[in-house]
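Shown below: target13.pdb, with PDB, C-alpha atoms, pLDDT in the B column.
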ATOM      1  CA  MET A   1      84.506 114.393 114.433  1.00 41.00           C
ATOM      2  CA  THR A   2      82.249 115.838 117.117  1.00 51.00           C
ATOM      3  CA  GLU A   3      83.266 118.753 119.295  1.00 73.00           C
ATOM      4  CA  LEU A   4      85.312 117.796 122.330  1.00 82.00           C
ATOM      5  CA  GLY A   5      82.738 119.252 124.699  1.00 80.00           C
ATOM      6  CA  PRO A   6      82.188 122.305 126.877  1.00 83.00           C
ATOM      7  CA  VAL A   7      85.857 123.188 127.292  1.00 85.00           C
ATOM      8  CA  ALA A   8      87.653 126.486 126.950  1.00 83.00           C
ATOM      9  CA  TRP A   9      89.968 126.173 123.976  1.00 86.00           C
ATOM     10  CA  PRO A  10      92.824 126.675 123.624  1.00 85.00           C
ATOM     11  CA  PRO A  11      94.011 126.020 127.151  1.00 91.00           C
ATOM     12  CA  ALA A  12      97.183 127.614 128.415  1.00 94.00           C
ATOM     13  CA  PRO A  13     100.190 125.526 127.378  1.00 97.00           C
ATOM     14  CA  ILE A  14     100.559 122.485 129.613  1.00 97.00           C
ATOM     15  CA  LYS A  15     104.060 122.163 131.037  1.00 98.00           C
ATOM     16  CA  THR A  16     105.502 118.890 132.287  1.00 98.00           C
ATOM     17  CA  GLU A  17     108.984 118.173 133.602  1.00 97.00           C
ATOM     18  CA  ARG A  18     110.464 118.101 130.074  1.00 98.00           C
ATOM     19  CA  LEU A  19     107.687 118.968 127.640  1.00 98.00           C
ATOM     20  CA  VAL A  20     105.124 121.580 126.660  1.00 98.00           C
ATOM     21  CA  LEU A  21     101.748 120.612 125.201  1.00 98.00           C
ATOM     22  CA  ARG A  22     100.498 123.495 123.076  1.00 97.00           C
ATOM     23  CA  GLU A  23      98.540 124.450 119.991  1.00 94.00           C
ATOM     24  CA  PRO A  24     100.165 123.908 116.596  1.00 94.00           C
ATOM     25  CA  GLU A  25     102.104 126.775 115.050  1.00 94.00           C
ATOM     26  CA  ALA A  26     103.474 127.505 111.573  1.00 93.00           C
ATOM     27  CA  ARG A  27     106.963 126.409 112.715  1.00 95.00           C
ATOM     28  CA  ASP A  28     105.613 122.860 113.237  1.00 95.00           C
ATOM     29  CA  ARG A  29     104.772 122.256 109.559  1.00 94.00           C
ATOM     30  CA  ALA A  30     107.963 120.354 108.640  1.00 94.00           C
ATOM     31  CA  ALA A  31     107.673 118.105 111.701  1.00 96.00           C
ATOM     32  CA  VAL A  32     103.977 117.431 110.965  1.00 94.00           C
ATOM     33  CA  ILE A  33     104.906 116.359 107.428  1.00 95.00           C
ATOM     34  CA  GLU A  34     107.700 114.137 108.752  1.00 95.00           C
ATOM     35  CA  LEU A  35     105.362 112.589 111.349  1.00 95.00           C
ATOM     36  CA  PHE A  36     102.588 111.669 108.919  1.00 94.00           C
ATOM     37  CA  THR A  37     104.907 110.453 106.144  1.00 95.00           C
ATOM     38  CA  SER A  38     107.229 108.372 108.346  1.00 95.00           C
ATOM     39  CA  PRO A  39     107.143 104.644 107.480  1.00 93.00           C
ATOM     40  CA  GLU A  40     107.923 103.766 111.130  1.00 94.00           C
ATOM     41  CA  VAL A  41     105.092 105.926 112.490  1.00 93.00           C
ATOM     42  CA  GLY A  42     102.678 104.583 109.868  1.00 90.00           C
ATOM     43  CA  THR A  43     103.327 100.917 110.646  1.00 90.00           C
ATOM     44  CA  TYR A  44     100.186 100.408 112.774  1.00 88.00           C
ATOM     45  CA  ILE A  45      97.949 103.144 111.384  1.00 87.00           C
ATOM     46  CA  GLY A  46      97.524 102.110 107.779  1.00 83.00           C
ATOM     47  CA  GLY A  47     100.922 103.143 106.478  1.00 82.00           C
ATOM     48  CA  PRO A  48     102.549 106.498 105.844  1.00 87.00           C
ATOM     49  CA  ARG A  49     100.942 109.207 103.755  1.00 90.00           C
ATOM     50  CA  GLN A  50     102.528 110.033 100.398  1.00 90.00           C
ATOM     51  CA  ARG A  51     104.997 112.858 101.102  1.00 92.00           C
ATOM     52  CA  ASP A  52     104.366 115.001  98.010  1.00 93.00           C
ATOM     53  CA  GLU A  53     100.577 114.794  98.382  1.00 92.00           C
ATOM     54  CA  PHE A  54     100.742 115.493 102.104  1.00 91.00           C
ATOM     55  CA  GLU A  55     103.059 118.488 101.633  1.00 91.00           C
ATOM     56  CA  ARG A  56     100.509 119.996  99.239  1.00 91.00           C
ATOM     57  CA  ALA A  57      97.640 119.280 101.652  1.00 91.00           C
ATOM     58  CA  VAL A  58      99.189 120.703 104.840  1.00 90.00           C
ATOM     59  CA  PRO A  59      98.508 124.444 105.089  1.00 90.00           C
ATOM     60  CA  GLU A  60     101.310 126.877 105.914  1.00 87.00           C
ATOM     61  CA  THR A  61      99.340 127.963 108.968  1.00 81.00           C
ATOM     62  CA  PRO A  62      98.133 124.864 110.814  1.00 80.00           C
ATOM     63  CA  LYS A  63      94.484 124.315 111.544  1.00 80.00           C
ATOM     64  CA  ARG A  64      93.734 124.553 115.201  1.00 82.00           C
ATOM     65  CA  ARG A  65      91.085 122.365 116.720  1.00 86.00           C
ATOM     66  CA  PRO A  66      89.977 121.472 120.210  1.00 89.00           C
ATOM     67  CA  GLY A  67      91.781 118.434 121.548  1.00 92.00           C
ATOM     68  CA  LEU A  68      94.922 118.663 119.401  1.00 94.00           C
ATOM     69  CA  PHE A  69      98.144 119.223 121.319  1.00 96.00           C
ATOM     70  CA  VAL A  70     101.587 119.546 119.783  1.00 97.00           C
ATOM     71  CA  VAL A  71     104.217 117.978 122.031  1.00 98.00           C
ATOM     72  CA  ASP A  72     107.172 120.350 122.220  1.00 98.00           C
ATOM     73  CA  LEU A  73     110.643 119.449 123.498  1.00 98.00           C
ATOM     74  CA  ASP A  74     113.080 122.357 123.790  1.00 97.00           C
ATOM     75  CA  GLY A  75     111.140 124.422 121.233  1.00 97.00           C
ATOM     76  CA  ALA A  76     110.702 121.663 118.620  1.00 97.00           C
ATOM     77  CA  MET A  77     107.675 119.490 117.879  1.00 97.00           C
ATOM     78  CA  ILE A  78     108.326 115.796 118.602  1.00 98.00           C
ATOM     79  CA  GLY A  79     104.764 114.497 118.358  1.00 98.00           C
ATOM     80  CA  ILE A  80     101.077 115.099 118.837  1.00 97.00           C
ATOM     81  CA  VAL A  81      98.495 114.023 121.398  1.00 97.00           C
ATOM     82  CA  THR A  82      94.796 114.194 120.595  1.00 96.00           C
ATOM     83  CA  LEU A  83      91.634 114.001 122.650  1.00 96.00           C
ATOM     84  CA  GLU A  84      88.683 113.610 120.296  1.00 93.00           C
ATOM     85  CA  ARG A  85      85.077 112.506 120.536  1.00 91.00           C
ATOM     86  CA  ARG A  86      84.604 109.004 119.195  1.00 86.00           C
ATOM     87  CA  ASP A  87      81.652 108.788 116.833  1.00 80.00           C
ATOM     88  CA  PRO A  88      78.588 107.378 118.636  1.00 79.00           C
ATOM     89  CA  GLU A  89      78.080 105.130 115.582  1.00 78.00           C
ATOM     90  CA  HIS A  90      81.421 103.384 116.181  1.00 79.00           C
ATOM     91  CA  PRO A  91      80.717  99.719 116.975  1.00 77.00           C
ATOM     92  CA  VAL A  92      82.887  99.623 120.123  1.00 85.00           C
ATOM     93  CA  HIS A  93      82.074 101.728 123.193  1.00 80.00           C
ATOM     94  CA  VAL A  94      82.152 101.653 126.972  1.00 83.00           C
ATOM     95  CA  ARG A  95      78.842 103.527 126.961  1.00 80.00           C
ATOM     96  CA  PRO A  96      76.765 102.409 123.942  1.00 75.00           C
ATOM     97  CA  GLY A  97      75.270 105.324 122.038  1.00 72.00           C
ATOM     98  CA  ALA A  98      77.593 107.814 123.726  1.00 76.00           C
ATOM     99  CA  SER A  99      80.500 109.667 122.211  1.00 80.00           C
ATOM    100  CA  GLU A 100      83.435 109.010 124.506  1.00 89.00           C
ATOM    101  CA  VAL A 101      86.672 110.964 124.430  1.00 94.00           C
ATOM    102  CA  GLU A 102      89.413 108.992 122.677  1.00 95.00           C
ATOM    103  CA  LEU A 103      93.133 109.486 123.312  1.00 97.00           C
ATOM    104  CA  GLY A 104      95.450 109.359 120.317  1.00 96.00           C
ATOM    105  CA  TYR A 105      99.189 109.952 119.976  1.00 97.00           C
ATOM    106  CA  MET A 106     101.925 109.926 117.359  1.00 97.00           C
ATOM    107  CA  PHE A 107     105.599 110.668 117.951  1.00 98.00           C
ATOM    108  CA  LEU A 108     108.565 111.035 115.633  1.00 97.00           C
ATOM    109  CA  PRO A 109     110.788 107.915 115.741  1.00 97.00           C
ATOM    110  CA  GLN A 110     113.734 109.851 117.207  1.00 97.00           C
ATOM    111  CA  ALA A 111     111.513 110.619 120.231  1.00 97.00           C
ATOM    112  CA  TRP A 112     110.702 106.950 120.913  1.00 96.00           C
ATOM    113  CA  GLY A 113     112.099 105.214 123.975  1.00 96.00           C
ATOM    114  CA  HIS A 114     112.578 108.312 126.158  1.00 98.00           C
ATOM    115  CA  GLY A 115     109.254 108.323 128.036  1.00 98.00           C
ATOM    116  CA  TYR A 116     107.975 111.409 126.202  1.00 98.00           C
ATOM    117  CA  ALA A 117     104.738 109.735 125.074  1.00 98.00           C
ATOM    118  CA  ALA A 118     103.901 108.625 128.614  1.00 98.00           C
ATOM    119  CA  GLU A 119     104.706 112.085 130.010  1.00 98.00           C
ATOM    120  CA  ALA A 120     102.684 113.917 127.352  1.00 98.00           C
ATOM    121  CA  CYS A 121      99.692 111.550 127.436  1.00 98.00           C
ATOM    122  CA  ALA A 122      99.535 111.631 131.249  1.00 97.00           C
ATOM    123  CA  ALA A 123      99.476 115.449 131.129  1.00 97.00           C
ATOM    124  CA  ALA A 124      96.703 115.404 128.494  1.00 97.00           C
ATOM    125  CA  LEU A 125      94.679 112.929 130.583  1.00 97.00           C
ATOM    126  CA  ASP A 126      95.096 115.131 133.672  1.00 95.00           C
ATOM    127  CA  TRP A 127      93.894 118.136 131.654  1.00 95.00           C
ATOM    128  CA  CYS A 128      90.911 116.122 130.370  1.00 94.00           C
ATOM    129  CA  ALA A 129      90.004 114.969 133.886  1.00 93.00           C
ATOM    130  CA  GLU A 130      89.859 118.612 134.994  1.00 93.00           C
ATOM    131  CA  ALA A 131      88.155 119.950 131.845  1.00 92.00           C
ATOM    132  CA  LEU A 132      85.594 117.116 131.572  1.00 91.00           C
ATOM    133  CA  PRO A 133      85.152 115.775 135.130  1.00 90.00           C
ATOM    134  CA  GLY A 134      84.101 112.142 135.378  1.00 86.00           C
ATOM    135  CA  GLU A 135      84.433 111.538 131.638  1.00 87.00           C
ATOM    136  CA  PRO A 136      86.005 108.185 130.748  1.00 90.00           C
ATOM    137  CA  VAL A 137      88.683 108.218 128.067  1.00 95.00           C
ATOM    138  CA  VAL A 138      89.084 105.355 125.602  1.00 96.00           C
ATOM    139  CA  LEU A 139      92.026 104.196 123.520  1.00 96.00           C
ATOM    140  CA  THR A 140      92.325 101.789 120.613  1.00 95.00           C
ATOM    141  CA  THR A 141      95.560 100.272 119.366  1.00 96.00           C
ATOM    142  CA  GLN A 142      96.592  97.197 117.436  1.00 95.00           C
ATOM    143  CA  THR A 143      97.646  94.372 119.726  1.00 96.00           C
ATOM    144  CA  ALA A 144     100.714  93.958 117.487  1.00 95.00           C
ATOM    145  CA  ASN A 145     101.864  97.464 118.476  1.00 95.00           C
ATOM    146  CA  GLU A 146     103.791  96.423 121.583  1.00 95.00           C
ATOM    147  CA  ARG A 147     104.997  99.956 122.388  1.00 95.00           C
ATOM    148  CA  SER A 148     101.450 101.301 122.331  1.00 96.00           C
ATOM    149  CA  MET A 149     100.177  98.392 124.427  1.00 97.00           C
ATOM    150  CA  ARG A 150     102.870  99.095 127.068  1.00 97.00           C
ATOM    151  CA  LEU A 151     101.995 102.792 127.035  1.00 97.00           C
ATOM    152  CA  ALA A 152      98.282 102.067 127.534  1.00 97.00           C
ATOM    153  CA  ALA A 153      99.105  99.898 130.562  1.00 97.00           C
ATOM    154  CA  LYS A 154     101.519 102.485 131.974  1.00 97.00           C
ATOM    155  CA  LEU A 155      98.842 105.193 131.675  1.00 97.00           C
ATOM    156  CA  GLY A 156      96.324 103.045 133.564  1.00 96.00           C
ATOM    157  CA  PHE A 157      94.028 101.987 130.723  1.00 97.00           C
ATOM    158  CA  THR A 158      92.188  98.725 131.346  1.00 96.00           C
ATOM    159  CA  GLU A 159      91.108  96.367 128.601  1.00 96.00           C
ATOM    160  CA  VAL A 160      87.435  96.457 127.663  1.00 95.00           C
ATOM    161  CA  GLU A 161      87.591  94.169 124.652  1.00 95.00           C
ATOM    162  CA  ARG A 162      89.510  93.036 121.601  1.00 96.00           C
ATOM    163  CA  TYR A 163      88.057  93.027 118.120  1.00 93.00           C
ATOM    164  CA  GLU A 164      89.068  92.730 114.470  1.00 93.00           C
ATOM    165  CA  ASP A 165      89.229  95.867 112.326  1.00 88.00           C
ATOM    166  CA  TRP A 166      91.478  97.125 109.521  1.00 81.00           C
ATOM    167  CA  GLY A 167      92.684  93.543 109.024  1.00 88.00           C
ATOM    168  CA  ALA A 168      94.214  93.280 112.502  1.00 91.00           C
ATOM    169  CA  GLU A 169      93.322  92.569 116.114  1.00 95.00           C
ATOM    170  CA  GLN A 170      92.521  95.813 117.963  1.00 94.00           C
ATOM    171  CA  TRP A 171      92.778  96.428 121.704  1.00 96.00           C
ATOM    172  CA  PHE A 172      90.131  98.732 123.178  1.00 96.00           C
ATOM    173  CA  GLY A 173      90.708 100.105 126.675  1.00 96.00           C
ATOM    174  CA  MET A 174      89.321 102.667 129.088  1.00 96.00           C
ATOM    175  CA  TRP A 175      90.816 105.142 131.558  1.00 96.00           C
ATOM    176  CA  SER A 176      88.700 106.840 134.157  1.00 85.00           C
ATOM    177  CA  PRO A 177      89.689 109.817 136.286  1.00 78.00           C
ATOM    178  CA  VAL A 178      87.450 108.561 139.095  1.00 59.00           C
ATOM    179  CA  SER A 179      88.805 105.735 141.203  1.00 46.00           C
ATOM    180  CA  LEU A 180      86.547 102.775 141.910  1.00 42.00           C
ATOM    181  CA  SER A 181      86.529 103.615 145.617  1.00 41.00           C
ATOM    182  CA  ASP A 182      84.960 107.060 145.030  1.00 42.00           C
TER     183      ASP A 182
END

Once more with this new file: its structure as structure tokens, please.
Amino acid sequence: MTELGPVAWPPAPIKTERLVLREPEARDRAAVIELFTSPEVGTYIGGPRQRDEFERAVPETPKRRPGLFVVDLDGAMIGIVTLERRDPEHPVHVRPGASEVELGYMFLPQAWGHGYAAEACAAALDWCAEALPGEPVVLTTQTANERSMRLAAKLGFTEVERYEDWGAEQWFGMWSPVSLSD
């Protein structure tokens, strides 16, 4: 992973109508383990991690890194949103040879269907647009992941291309903070 870019990190917590996007804290450990070991969450990302191995691997004090936001609802972690630099060697890009920012998200199953992912991702994209002006953001999801496809459309991502990877059709889209009329 490459550094996110010339951004001040960590930012102040980002507050939305119902959520807070913040850095991870020690109190999030159990939810992080649940998130990464959930069979439902792992369906489109290669399957869940083995719980006992993951529990041993996750430190008591979480690692903080630029671009990682915990999504907090009423004081409890319900998911994560990430903004990371995509490796310039990746075969799919909107700007060949460049390292675009890629949006990622994972939410606990009990948080699905309430609009939290859309609210949290929109807030992260707004932060990114301010922190990295003019920078396009990309997103990849399996076309079979209907929830993720709907979220990408709702957030304003437009399809760039589809390709095969990890044994499945992938959807690659782009979001830009600059409108085409600018």

**OP:** Show which residues sit within 9 Å of stretch 116-132 of chain A, as JSON, numbers by chain. Count all atoms listed in the file, and ignore same-chain residues fewer than 4 positions away.
**Re:** {"A": [5, 6, 7, 8, 14, 15, 16, 17, 18, 19, 20, 21, 69, 71, 73, 78, 79, 80, 81, 82, 83, 101, 103, 104, 105, 106, 107, 111, 112, 136, 137, 151, 152, 154, 155, 175, 176, 177, 178]}

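Minimum atom-to-atom distances from A:Phe172, A:Phe157, A:Leu108, A:Arg147 to A:Val41 were compared using only C-alpha atoms, and the lowest value belongs to A:Leu108.
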
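Taken over the shown file, the PyMOL selection byres ((chain A and resi 164-170) around 6) identifies Thr141, Gln142, Thr143, Arg162, Tyr163 and Trp171 of chain A.
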
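If you look at atom CA of A:Thr61 and atom CA of A:Glu34, they are 16.2 Å away from each other.
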
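For the file shown, the residue list from the PyMOL selection byres ((chain A and resi 24) around 10) reads Leu21, Arg22, Glu23, Glu25, Ala26, Arg27, Asp28, Arg29, Val32, Thr61, Pro62, Lys63, Arg64, Arg65, Leu68, Phe69, Val70, Val71, Asp72, Met77 and Ile80 of chain A.
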
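In this comparison, which uses all atoms listed in the file, the residue of A:Trp9, A:Phe54, A:Phe36, A:Tyr44 approaching A:Ser148 most closely is A:Tyr44.
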
Original post:
Could you pull the residues within 12 Å of stretch 51-53 of chain A, counting only C-alpha atoms, minus those fewer than 2 positions along the same chain, as a PyMOL selection string?
Top reply: chain A and resi 30+32-39+47-49+55-59

Original post:
Suppose you want the space between atom CA of A:Val92 and atom CA of A:Thr158; what is it in Å?
Top reply: 14.6 Å

Taking all listed atoms of stretch 41-59 of chain A, build the axis-aligned box, pad each of the six sides by 5 Å, then write its centre and edge lengths in Å to one decimal as AutoDock Vina command-line options.
--center_x 101.3 --center_y 112.4 --center_z 105.4 --size_x 17.6 --size_y 34.0 --size_z 24.8

Using N, CA and C atoms, give me stretch 126-158 of chain A from the structure I just pasted, as a PDB file, in the first residue's frame.
ATOM      1  N   ASP A 126     -16.577  13.004   0.485  1.00  0.00           N
ATOM      2  CA  ASP A 126     -16.531  14.461   0.675  1.00  0.00           C
ATOM      3  C   ASP A 126     -15.217  14.869   1.317  1.00  0.00           C
ATOM      4  N   TRP A 127     -14.776  14.116   2.334  1.00  0.00           N
ATOM      5  CA  TRP A 127     -13.498  14.408   2.988  1.00  0.00           C
ATOM      6  C   TRP A 127     -12.360  14.298   1.978  1.00  0.00           C
ATOM      7  N   CYS A 128     -12.371  13.247   1.165  1.00  0.00           N
ATOM      8  CA  CYS A 128     -11.327  13.026   0.163  1.00  0.00           C
ATOM      9  C   CYS A 128     -11.299  14.164  -0.859  1.00  0.00           C
ATOM     10  N   ALA A 129     -12.474  14.608  -1.283  1.00  0.00           N
ATOM     11  CA  ALA A 129     -12.552  15.694  -2.265  1.00  0.00           C
ATOM     12  C   ALA A 129     -11.927  16.974  -1.713  1.00  0.00           C
ATOM     13  N   GLU A 130     -12.058  17.200  -0.416  1.00  0.00           N
ATOM     14  CA  GLU A 130     -11.460  18.380   0.209  1.00  0.00           C
ATOM     15  C   GLU A 130      -9.966  18.178   0.466  1.00  0.00           C
ATOM     16  N   ALA A 131      -9.590  16.975   0.924  1.00  0.00           N
ATOM     17  CA  ALA A 131      -8.198  16.690   1.265  1.00  0.00           C
ATOM     18  C   ALA A 131      -7.310  16.520   0.029  1.00  0.00           C
ATOM     19  N   LEU A 132      -7.873  15.957  -1.042  1.00  0.00           N
ATOM     20  CA  LEU A 132      -7.128  15.695  -2.275  1.00  0.00           C
ATOM     21  C   LEU A 132      -7.924  16.256  -3.456  1.00  0.00           C
ATOM     22  N   PRO A 133      -7.973  17.588  -3.582  1.00  0.00           N
ATOM     23  CA  PRO A 133      -8.823  18.209  -4.612  1.00  0.00           C
ATOM     24  C   PRO A 133      -8.539  17.691  -6.021  1.00  0.00           C
ATOM     25  N   GLY A 134      -9.618  17.392  -6.737  1.00  0.00           N
ATOM     26  CA  GLY A 134      -9.519  16.952  -8.120  1.00  0.00           C
ATOM     27  C   GLY A 134      -9.127  15.500  -8.307  1.00  0.00           C
ATOM     28  N   GLU A 135      -8.871  14.799  -7.241  1.00  0.00           N
ATOM     29  CA  GLU A 135      -8.430  13.397  -7.323  1.00  0.00           C
ATOM     30  C   GLU A 135      -9.623  12.486  -7.587  1.00  0.00           C
ATOM     31  N   PRO A 136      -9.579  11.684  -8.659  1.00  0.00           N
ATOM     32  CA  PRO A 136     -10.658  10.717  -8.861  1.00  0.00           C
ATOM     33  C   PRO A 136     -10.535   9.592  -7.841  1.00  0.00           C
ATOM     34  N   VAL A 137     -11.644   8.982  -7.515  1.00  0.00           N
ATOM     35  CA  VAL A 137     -11.674   7.847  -6.605  1.00  0.00           C
ATOM     36  C   VAL A 137     -12.239   6.664  -7.384  1.00  0.00           C
ATOM     37  N   VAL A 138     -11.622   5.498  -7.218  1.00  0.00           N
ATOM     38  CA  VAL A 138     -12.083   4.309  -7.927  1.00  0.00           C
ATOM     39  C   VAL A 138     -12.652   3.304  -6.928  1.00  0.00           C
ATOM     40  N   LEU A 139     -13.410   2.366  -7.455  1.00  0.00           N
ATOM     41  CA  LEU A 139     -14.042   1.335  -6.643  1.00  0.00           C
ATOM     42  C   LEU A 139     -14.134   0.077  -7.488  1.00  0.00           C
ATOM     43  N   THR A 140     -13.846  -1.060  -6.868  1.00  0.00           N
ATOM     44  CA  THR A 140     -13.999  -2.346  -7.532  1.00  0.00           C
ATOM     45  C   THR A 140     -14.899  -3.221  -6.677  1.00  0.00           C
ATOM     46  N   THR A 141     -15.839  -3.883  -7.315  1.00  0.00           N
ATOM     47  CA  THR A 141     -16.695  -4.838  -6.617  1.00  0.00           C
ATOM     48  C   THR A 141     -17.084  -5.936  -7.596  1.00  0.00           C
ATOM     49  N   GLN A 142     -17.431  -7.089  -7.065  1.00  0.00           N
ATOM     50  CA  GLN A 142     -17.931  -8.157  -7.922  1.00  0.00           C
ATOM     51  C   GLN A 142     -19.312  -7.769  -8.433  1.00  0.00           C
ATOM     52  N   THR A 143     -19.562  -8.059  -9.701  1.00  0.00           N
ATOM     53  CA  THR A 143     -20.888  -7.755 -10.252  1.00  0.00           C
ATOM     54  C   THR A 143     -21.966  -8.571  -9.552  1.00  0.00           C
ATOM     55  N   ALA A 144     -21.614  -9.714  -8.988  1.00  0.00           N
ATOM     56  CA  ALA A 144     -22.586 -10.542  -8.267  1.00  0.00           C
ATOM     57  C   ALA A 144     -23.007  -9.911  -6.934  1.00  0.00           C
ATOM     58  N   ASN A 145     -22.238  -8.965  -6.436  1.00  0.00           N
ATOM     59  CA  ASN A 145     -22.550  -8.309  -5.169  1.00  0.00           C
ATOM     60  C   ASN A 145     -23.545  -7.177  -5.436  1.00  0.00           C
ATOM     61  N   GLU A 146     -24.817  -7.526  -5.483  1.00  0.00           N
ATOM     62  CA  GLU A 146     -25.857  -6.565  -5.858  1.00  0.00           C
ATOM     63  C   GLU A 146     -25.933  -5.378  -4.908  1.00  0.00           C
ATOM     64  N   ARG A 147     -25.747  -5.602  -3.618  1.00  0.00           N
ATOM     65  CA  ARG A 147     -25.777  -4.488  -2.655  1.00  0.00           C
ATOM     66  C   ARG A 147     -24.668  -3.487  -2.953  1.00  0.00           C
ATOM     67  N   SER A 148     -23.472  -3.989  -3.211  1.00  0.00           N
ATOM     68  CA  SER A 148     -22.337  -3.122  -3.492  1.00  0.00           C
ATOM     69  C   SER A 148     -22.514  -2.389  -4.825  1.00  0.00           C
ATOM     70  N   MET A 149     -23.085  -3.054  -5.792  1.00  0.00           N
ATOM     71  CA  MET A 149     -23.355  -2.411  -7.088  1.00  0.00           C
ATOM     72  C   MET A 149     -24.356  -1.266  -6.911  1.00  0.00           C
ATOM     73  N   ARG A 150     -25.405  -1.485  -6.110  1.00  0.00           N
ATOM     74  CA  ARG A 150     -26.392  -0.417  -5.851  1.00  0.00           C
ATOM     75  C   ARG A 150     -25.745   0.753  -5.107  1.00  0.00           C
ATOM     76  N   LEU A 151     -24.874   0.429  -4.145  1.00  0.00           N
ATOM     77  CA  LEU A 151     -24.198   1.479  -3.396  1.00  0.00           C
ATOM     78  C   LEU A 151     -23.303   2.307  -4.314  1.00  0.00           C
ATOM     79  N   ALA A 152     -22.554   1.663  -5.184  1.00  0.00           N
ATOM     80  CA  ALA A 152     -21.684   2.387  -6.120  1.00  0.00           C
ATOM     81  C   ALA A 152     -22.499   3.362  -6.968  1.00  0.00           C
ATOM     82  N   ALA A 153     -23.644   2.913  -7.467  1.00  0.00           N
ATOM     83  CA  ALA A 153     -24.508   3.780  -8.272  1.00  0.00           C
ATOM     84  C   ALA A 153     -25.049   4.939  -7.437  1.00  0.00           C
ATOM     85  N   LYS A 154     -25.491   4.636  -6.223  1.00  0.00           N
ATOM     86  CA  LYS A 154     -26.045   5.665  -5.339  1.00  0.00           C
ATOM     87  C   LYS A 154     -25.009   6.741  -5.018  1.00  0.00           C
ATOM     88  N   LEU A 155     -23.743   6.330  -4.874  1.00  0.00           N
ATOM     89  CA  LEU A 155     -22.667   7.270  -4.561  1.00  0.00           C
ATOM     90  C   LEU A 155     -22.209   8.079  -5.774  1.00  0.00           C
ATOM     91  N   GLY A 156     -22.652   7.687  -6.970  1.00  0.00           N
ATOM     92  CA  GLY A 156     -22.283   8.437  -8.168  1.00  0.00           C
ATOM     93  C   GLY A 156     -21.087   7.890  -8.919  1.00  0.00           C
ATOM     94  N   PHE A 157     -20.708   6.636  -8.648  1.00  0.00           N
ATOM     95  CA  PHE A 157     -19.625   6.019  -9.412  1.00  0.00           C
ATOM     96  C   PHE A 157     -20.153   5.644 -10.787  1.00  0.00           C
ATOM     97  N   THR A 158     -19.324   5.821 -11.803  1.00  0.00           N
ATOM     98  CA  THR A 158     -19.693   5.431 -13.163  1.00  0.00           C
ATOM     99  C   THR A 158     -18.772   4.301 -13.614  1.00  0.00           C
TER     100      THR A 158
END
